[in-house]
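Everything on this sheet refers to the single structure shown next.
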Protein chains: 2
Amino acid sequence: MKIVINRDQLMQSIQNVMRAISPKTTIPILSGMKLEANENEMKLTGSDSDITIESIIPKEEDGIVHIHEVIPGKVVVQAKFLPDIIKKLPEDLVEIEADGELNITIRSGKAEFKLNGQDPEEYPQLPILQTENSFHIQTDLLKTLIRQTNFAVSTSETRPILTGVHFKLENNQLELVATDSHRLASRKIAMNENTETLSFKNIVIPGKSLGELNKILDESQDTIQISVSDNQILFRTKHLFFLSRLLDGNYPETSRLIPEQSKTEVQVNSKELMQTIDRASLLAKDNRNNIVKLVTKEQNAIEITSNSPEIGTAEETLNTNSISGEELKISFNAKYMIDALRAIDAEEIKIQFTGAMRPFIIEPMDEEEQILQLITPVRTY
Amino acid sequence: MKIVINRDQLMQSIQNVMRAISPKTTIPILSGMKLEANENEMKLTGSDSDITIESIIPKEEDGIVHIHEVIPGKVVVQAKFLPDIIKKLPEDLVEIEADGELNITIRSGKAEFKLNGQDPEEYPQLPILQTENSFHIQTDLLKTLIRQTNFAVSTSETRPILTGVHFKLENNQLELVATDSHRLASRKIAMNENTETLSFKNIVIPGKSLGELNKILDESQDTIQISVSDNQILFRTKHLFFLSRLLDGNYPETSRLIPEQSKTEVQVNSKELMQTIDRASLLAKDNRNNIVKLVTKEQNAIEITSNSPEIGTAEETLNTNSISGEELKISFNAKYMIDALRAIDAEEIKIQFTGAMRPFIIEPMDEEEQILQLITPVRTY
């Protein structure tokens with residue numbers, strides 16, 4: 001194999017593919033990156049067996065030549081130092097050559113690196129997914145959906161199924177839900193294309209996979225194809241394949257966690273509430289659970305307080321747009337509230353409480369956006 | 001005590017003073033910051049007993065009012081959350097009030113923090129230094145001197161005296177030397193003011209102190225006053241006192257370490273050499289000592305190589321401006337060379353070698369700058 005390729009293009013692809021390669025892998029071949037070159041394109045593959053990423057660099061695109069010379073072939077190269085090497089090469093063009101003995105030479109200007117390769121035949125095959133269960137959504141919308149839910153997955157392996165985001169497609173509606181059992185994030189969208197023949201209910205994608213996918217995808221209005229099989233999901237754009245395993249097990253029924261009526265409703269500016277809670281929580285960070293208290297006051301005001309016995313107390317009054325229903329004193333984790341407000345990303349929001357000991361929900365005032373955040377309070381009163 | 005003060009000004013002072021406060025202190029009062037207000041100024045003090053920093057905010061400066069209201073007094077406030085609290089306050093003005101019971105209230109807009117204070121009388125007094133042994137240099141020049149030497153201090157406590165930078169003032173010349181016994185950095189400057197009556201030889205300032213001082217000082221052409229006593233050094237600008245203890249013990253005589261004649265001299269562009277070594281050292285990072293080899297070649301070229309048995313080899317040829325004297329093969333720590341080239345910060349440099357097993361020195365071609373970097377090679381041939 002021999003290829004002469006633009007360094008910037010190669011660098012971008014390597015950085016994307018590196019997201020699937022774990023330095024801690026116990027399978028030696030997976031510490032490498034598979035490089036394949038043919039007359040039309042270069043393909044780079046990385047995998048940690050949970051996630052597999054393939055990035056394709058076409059020979060030419062939009063009139064720009066990326067690959068200047070090629071002798072087809074393939075090889076697996078040690079991934080550990082590859083991004084650093086490519087980044088620091090002195091010239092814009094990079095030559096990569098592999099001989100029959102799996103010796104790889106990378107040249108640019110007067111710099112030459114000789115790296116030990118591995119046999120590409122030993123590299124695991126990317127499974128071929130049936131593409132019948134496929135649908136498309138806009139890439140930037142997918143990124144928003146991930147951002148609005150993925151933070152709420154569990155980081156504990158006590159209930160592995162909760163470390164993933166639940167995808168449900170039914171009646172032309174896609175719903176994402178994540179919960180760590182203390183809080184829940186949910187977002188629904190109506191599908192643009194007709195997906196009525198398509199329906200799945202128990203697709204749970206590891207939060208880590210979605211986090212890596214989100215980092216790789218650009219804020220683009222191009223569509224991304226999503227294909228689902230029994231145990232894997234494939235995200236596919238023009239030059240990228242992102243394959244993730246799915247989590248085993250049944251995702252819990254979460255709809256019954258969401259209270260159906262509320263006793264107190266507060267309507268408030270999201271940014272002001274976020275800043276007030278952020279300030280109050282400064283002292284709350286000294287205790288383990290980052291707890292702040294919210295108390296409804298006269299004249300549509302709420303009071304946010306926190307205290308740390310060793311340091312002191314914080315207190316701030318905030319004017320809301322409206323408070324209706326019963327008086328309320330409630331305590332909750334400030335970080336959960338800030339995460340929820342960030343995810344909703346609306347100017348004005350409403351919070352519906354059902355008493356001090358019941359989960360409460362936060363939604364944007366504008367009900368067009370079908371997003372809902374739920375937080376379980378902490379018992380302190 | 002009560003003061004109403006501009007938040008930005010206060011924030012800047014708090015951030016500077018925080019550099020002296022260690023969260024790990026075993027002396028409870030030193031976990032606090034001392035605040036003193038009088039009719040003319042506010043003074044903030046922090047100390048970890050090695051370093052003490054005082055920052056002064058004048059009531060008014062250059063026509064800008066910093067302090068809007070004051071009732072004189074003093075208090076010690078818990079420093080831990082102070083920077084975060086002040087940074088996140090909602091308004092531009094901050095009110096700080098301490099009552100007779102050492103309760104401190106910080107108010108801004110509707111936000112109110114109540115913090116537990118400590119008795120200012122328990123706070124250690126800043127020692128008063130004799131100012132006879134004083135001289136002045138420009139602040140930006142002092143920062144350059146620190147940057148050019150401080151990186152070479154030892155980080156090991158085996159020989160504590162080597163963890164500091166040696167300051168020597170003699171015959172109107174100031175010399176700074178740092179060495180960790182593997183490399184040495186030295187810089188001399190002629191003093192602008194007449195310091196002939198002043199001379200000191202065994203002033204060793206902890207590298208950590210100089211690092212913190214460098215972070216606080218602005219790149220300014222204002223002068224800084226430096227006063228030296230037996231066991232302390234005081235750096236003083238208009239609004240800042242920075243006091244550091246000196247290291248005990250005699251700094252070793254370093255001038256005899258510097259070879260007086262050379263067998264091979266290489267003159268080369270500094271940036272090109274740095275980039276070549278940086279690239280070659282990528283693979284060297286896999287071995288513990290980050291070792292690269294330099295070999296002189298025909299036609300004024302040098303070859304830089306490194307290897308990692310598991311990963312591969314790197315090799316690059318670099319054209320120099322001139323090579324004179326004996327042929328040479330030598331190995332050294334790439335990081336030491338990069339640090340030295342960065343410190344010298346000259347376009348063209350010369351390296352003088354005295355054989356593969358003797359320390360070599362790096363100097364700028366322009367000999368006006370009295371800077372010298374010395375590196376001990378590693379035995380590999």
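Lettering and numbering for the structure tokens are positional, with chains as A, B, ... in the shown order, residues counted from 1 in each chain, and ligands counted from 1 in the shown order.
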- request: With a cut-off of 6 Å and counting only C-alpha atoms, select all residues of chain B in contact with chain A and give the selection as a ChimeraX atom specification.
  value: /B:110-116,311-316
Written selection (C-alpha atoms) as a PDB file, in the first residue's frame:
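The resulting file, part.pdb, is shown below:
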```pdb
ATOM      1  CA  LYS B 110     -30.546  40.384  45.617  1.00  0.00           C
ATOM      2  CA  ALA B 111     -27.843  37.842  46.365  1.00  0.00           C
ATOM      3  CA  GLU B 112     -26.640  37.580  49.937  1.00  0.00           C
ATOM      4  CA  PHE B 113     -23.924  35.339  51.336  1.00  0.00           C
ATOM      5  CA  LYS B 114     -23.287  34.993  55.063  1.00  0.00           C
ATOM      6  CA  LEU B 115     -19.847  33.611  55.784  1.00  0.00           C
ATOM      7  CA  ASN B 116     -18.190  32.656  59.056  1.00  0.00           C
ATOM      8  CA  ILE B 311       6.266   1.491  18.198  1.00  0.00           C
ATOM      9  CA  GLY B 312       8.986   2.240  15.660  1.00  0.00           C
ATOM     10  CA  THR B 313      11.577   4.866  14.761  1.00  0.00           C
ATOM     11  CA  ALA B 314      11.649   8.528  13.790  1.00  0.00           C
ATOM     12  CA  GLU B 315      14.362  10.094  11.675  1.00  0.00           C
ATOM     13  CA  GLU B 316      14.871  13.562  10.254  1.00  0.00           C
TER      14      GLU B 316
END
```
Residue neighbourhood Asp222 of chain A, 9 Å, only C-alpha atoms, exclusion window fewer than 5 positions, as a PDB file with all heavy atoms, in the first residue's frame:
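Writing the result to selection.pdb gives the following:
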```
ATOM      1  N   ILE A 137     -32.643  11.455  10.004  1.00  0.00           N
ATOM      2  CA  ILE A 137     -32.974  12.762  10.599  1.00  0.00           C
ATOM      3  C   ILE A 137     -31.819  13.725  10.328  1.00  0.00           C
ATOM      4  O   ILE A 137     -30.724  13.308   9.954  1.00  0.00           O
ATOM      5  CB  ILE A 137     -33.295  12.708  12.116  1.00  0.00           C
ATOM      6  CG1 ILE A 137     -32.088  12.342  12.951  1.00  0.00           C
ATOM      7  CG2 ILE A 137     -34.431  11.767  12.416  1.00  0.00           C
ATOM      8  CD1 ILE A 137     -32.387  12.506  14.444  1.00  0.00           C
ATOM      9  N   GLN A 138     -32.096  15.012  10.533  1.00  0.00           N
ATOM     10  CA  GLN A 138     -31.073  16.006  10.265  1.00  0.00           C
ATOM     11  C   GLN A 138     -29.977  15.878  11.325  1.00  0.00           C
ATOM     12  O   GLN A 138     -30.260  15.710  12.511  1.00  0.00           O
ATOM     13  CB  GLN A 138     -31.688  17.400  10.339  1.00  0.00           C
ATOM     14  CG  GLN A 138     -31.508  18.170   9.066  1.00  0.00           C
ATOM     15  CD  GLN A 138     -32.197  19.519   9.099  1.00  0.00           C
ATOM     16  OE1 GLN A 138     -33.220  19.693   8.450  1.00  0.00           O
ATOM     17  NE2 GLN A 138     -31.655  20.442   9.856  1.00  0.00           N
ATOM     18  N   THR A 139     -28.715  16.009  10.896  1.00  0.00           N
ATOM     19  CA  THR A 139     -27.594  15.799  11.815  1.00  0.00           C
ATOM     20  C   THR A 139     -27.644  16.753  13.011  1.00  0.00           C
ATOM     21  O   THR A 139     -27.447  16.347  14.160  1.00  0.00           O
ATOM     22  CB  THR A 139     -26.258  15.978  11.059  1.00  0.00           C
ATOM     23  OG1 THR A 139     -26.274  15.105   9.930  1.00  0.00           O
ATOM     24  CG2 THR A 139     -25.089  15.629  11.940  1.00  0.00           C
ATOM     25  N   ASP A 140     -27.919  18.046  12.761  1.00  0.00           N
ATOM     26  CA  ASP A 140     -27.917  18.995  13.888  1.00  0.00           C
ATOM     27  C   ASP A 140     -29.055  18.704  14.859  1.00  0.00           C
ATOM     28  O   ASP A 140     -28.920  18.922  16.069  1.00  0.00           O
ATOM     29  CB  ASP A 140     -27.921  20.448  13.405  1.00  0.00           C
ATOM     30  CG  ASP A 140     -29.010  20.727  12.391  1.00  0.00           C
ATOM     31  OD1 ASP A 140     -29.775  19.803  12.066  1.00  0.00           O
ATOM     32  OD2 ASP A 140     -29.092  21.881  11.925  1.00  0.00           O
ATOM     33  N   THR A 237     -23.264   8.787   7.719  1.00  0.00           N
ATOM     34  CA  THR A 237     -23.296   9.995   6.894  1.00  0.00           C
ATOM     35  C   THR A 237     -22.469   9.702   5.649  1.00  0.00           C
ATOM     36  O   THR A 237     -22.015   8.579   5.452  1.00  0.00           O
ATOM     37  CB  THR A 237     -22.693  11.216   7.624  1.00  0.00           C
ATOM     38  OG1 THR A 237     -21.302  10.992   7.799  1.00  0.00           O
ATOM     39  CG2 THR A 237     -23.338  11.430   8.991  1.00  0.00           C
TER      40      THR A 237
END
```
message: Would you pick out the contacts of segment 358-366 of chain B at 10 Å or less, using only C-alpha atoms, so that residues sharing its chain but fewer than 5 positions from it are not included, and give the list as a ChimeraX atom specification?
response: /B:182-185,257-259,262,264-270,330,332,337,340-341,344-353,371-379
message: Using only C-alpha atoms, which protein or nucleic acid residues come within 7 Å of segment 197-200 of chain B? Drop anything in the same chain fewer than 6 positions from it, and give the result as a PyMOL selection string.
response: chain B and resi 133+168-170
How about saving the chosen residues, all heavy atoms kept, as a PDB file, in the first residue's frame?
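After the write, out31.pdb holds the following:
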```
ATOM      1  N   ASN B 133      18.790  46.908  51.554  1.00  0.00           N
ATOM      2  CA  ASN B 133      19.249  46.053  50.459  1.00  0.00           C
ATOM      3  C   ASN B 133      18.218  46.003  49.339  1.00  0.00           C
ATOM      4  O   ASN B 133      17.652  44.964  49.061  1.00  0.00           O
ATOM      5  CB  ASN B 133      19.490  44.634  50.968  1.00  0.00           C
ATOM      6  CG  ASN B 133      20.828  44.506  51.651  1.00  0.00           C
ATOM      7  OD1 ASN B 133      21.728  45.294  51.383  1.00  0.00           O
ATOM      8  ND2 ASN B 133      20.945  43.526  52.508  1.00  0.00           N
ATOM      9  N   LYS B 168      22.280  36.367  42.168  1.00  0.00           N
ATOM     10  CA  LYS B 168      23.569  36.914  42.586  1.00  0.00           C
ATOM     11  C   LYS B 168      23.686  38.329  42.031  1.00  0.00           C
ATOM     12  O   LYS B 168      23.483  38.551  40.839  1.00  0.00           O
ATOM     13  CB  LYS B 168      24.699  36.034  42.048  1.00  0.00           C
ATOM     14  CG  LYS B 168      26.071  36.364  42.608  1.00  0.00           C
ATOM     15  CD  LYS B 168      27.013  35.180  42.439  1.00  0.00           C
ATOM     16  CE  LYS B 168      27.763  35.283  41.119  1.00  0.00           C
ATOM     17  NZ  LYS B 168      28.719  34.159  40.958  1.00  0.00           N
ATOM     18  N   LEU B 169      23.968  39.281  42.908  1.00  0.00           N
ATOM     19  CA  LEU B 169      24.147  40.672  42.456  1.00  0.00           C
ATOM     20  C   LEU B 169      25.562  41.088  42.829  1.00  0.00           C
ATOM     21  O   LEU B 169      25.957  41.020  44.001  1.00  0.00           O
ATOM     22  CB  LEU B 169      23.124  41.585  43.139  1.00  0.00           C
ATOM     23  CG  LEU B 169      23.153  43.065  42.738  1.00  0.00           C
ATOM     24  CD1 LEU B 169      22.757  43.250  41.281  1.00  0.00           C
ATOM     25  CD2 LEU B 169      22.220  43.885  43.628  1.00  0.00           C
ATOM     26  N   GLU B 170      26.349  41.497  41.856  1.00  0.00           N
ATOM     27  CA  GLU B 170      27.755  41.803  42.089  1.00  0.00           C
ATOM     28  C   GLU B 170      28.226  42.698  40.957  1.00  0.00           C
ATOM     29  O   GLU B 170      27.906  42.440  39.792  1.00  0.00           O
ATOM     30  CB  GLU B 170      28.555  40.492  42.058  1.00  0.00           C
ATOM     31  CG  GLU B 170      29.654  40.424  43.080  1.00  0.00           C
ATOM     32  CD  GLU B 170      30.269  39.029  43.101  1.00  0.00           C
ATOM     33  OE1 GLU B 170      30.188  38.317  42.073  1.00  0.00           O
ATOM     34  OE2 GLU B 170      30.801  38.647  44.139  1.00  0.00           O
TER      35      GLU B 170
END
```
task: Would you please work out which residue, of A:Ser13, A:Ser322, A:Ser181, A:Phe235, is nearest to Asn214 of chain A when using only C-alpha atoms?
output: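 Comparing A:Ser13, A:Ser322, A:Ser181, A:Phe235 against Asn214 of chain A, the winner is A:Phe235.
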message: Restricting the calculation to only C-alpha atoms: of A:Asn300, A:Ser209, A:Ser244, A:Thr45, which residue gets closest to Tyr123 of chain A?
response: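 Smallest separation from Tyr123 of chain A among the options: A:Thr45.
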query: In Å, how far is it from atom CA of Ile146 of chain A to atom CA of Lys188 of chain A?
result: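 Taking atom CA of Ile146 of chain A as the start and atom CA of Lys188 of chain A as the end point, the length is 11.6 Å.
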message: With distances taken over only C-alpha atoms, which residue among A:His239, A:His166, A:His66, A:Lys74 lies nearest Asp8 of chain A?
response: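 The shortest atom-to-atom distance to Asp8 of chain A comes from A:His66.
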Contacts of Pro124 of chain B at 10 Å (only C-alpha atoms; same-chain gap of 6+ positions) as a PyMOL selection string: chain B and resi 29-30+34+47+49
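Relative to atom CA of Asp339 of chain A, atom CA of Val177 of chain A is found at 14.9 Å.
When DSSP is run on the backbone, the residues of segment 198-231 of chain A that fall into alpha helix (DSSP H) are Gly207, Lys208, Ser209, Leu210, Gly211, Glu212, Leu213, Asn214, Lys215 and Ile216 of chain A.
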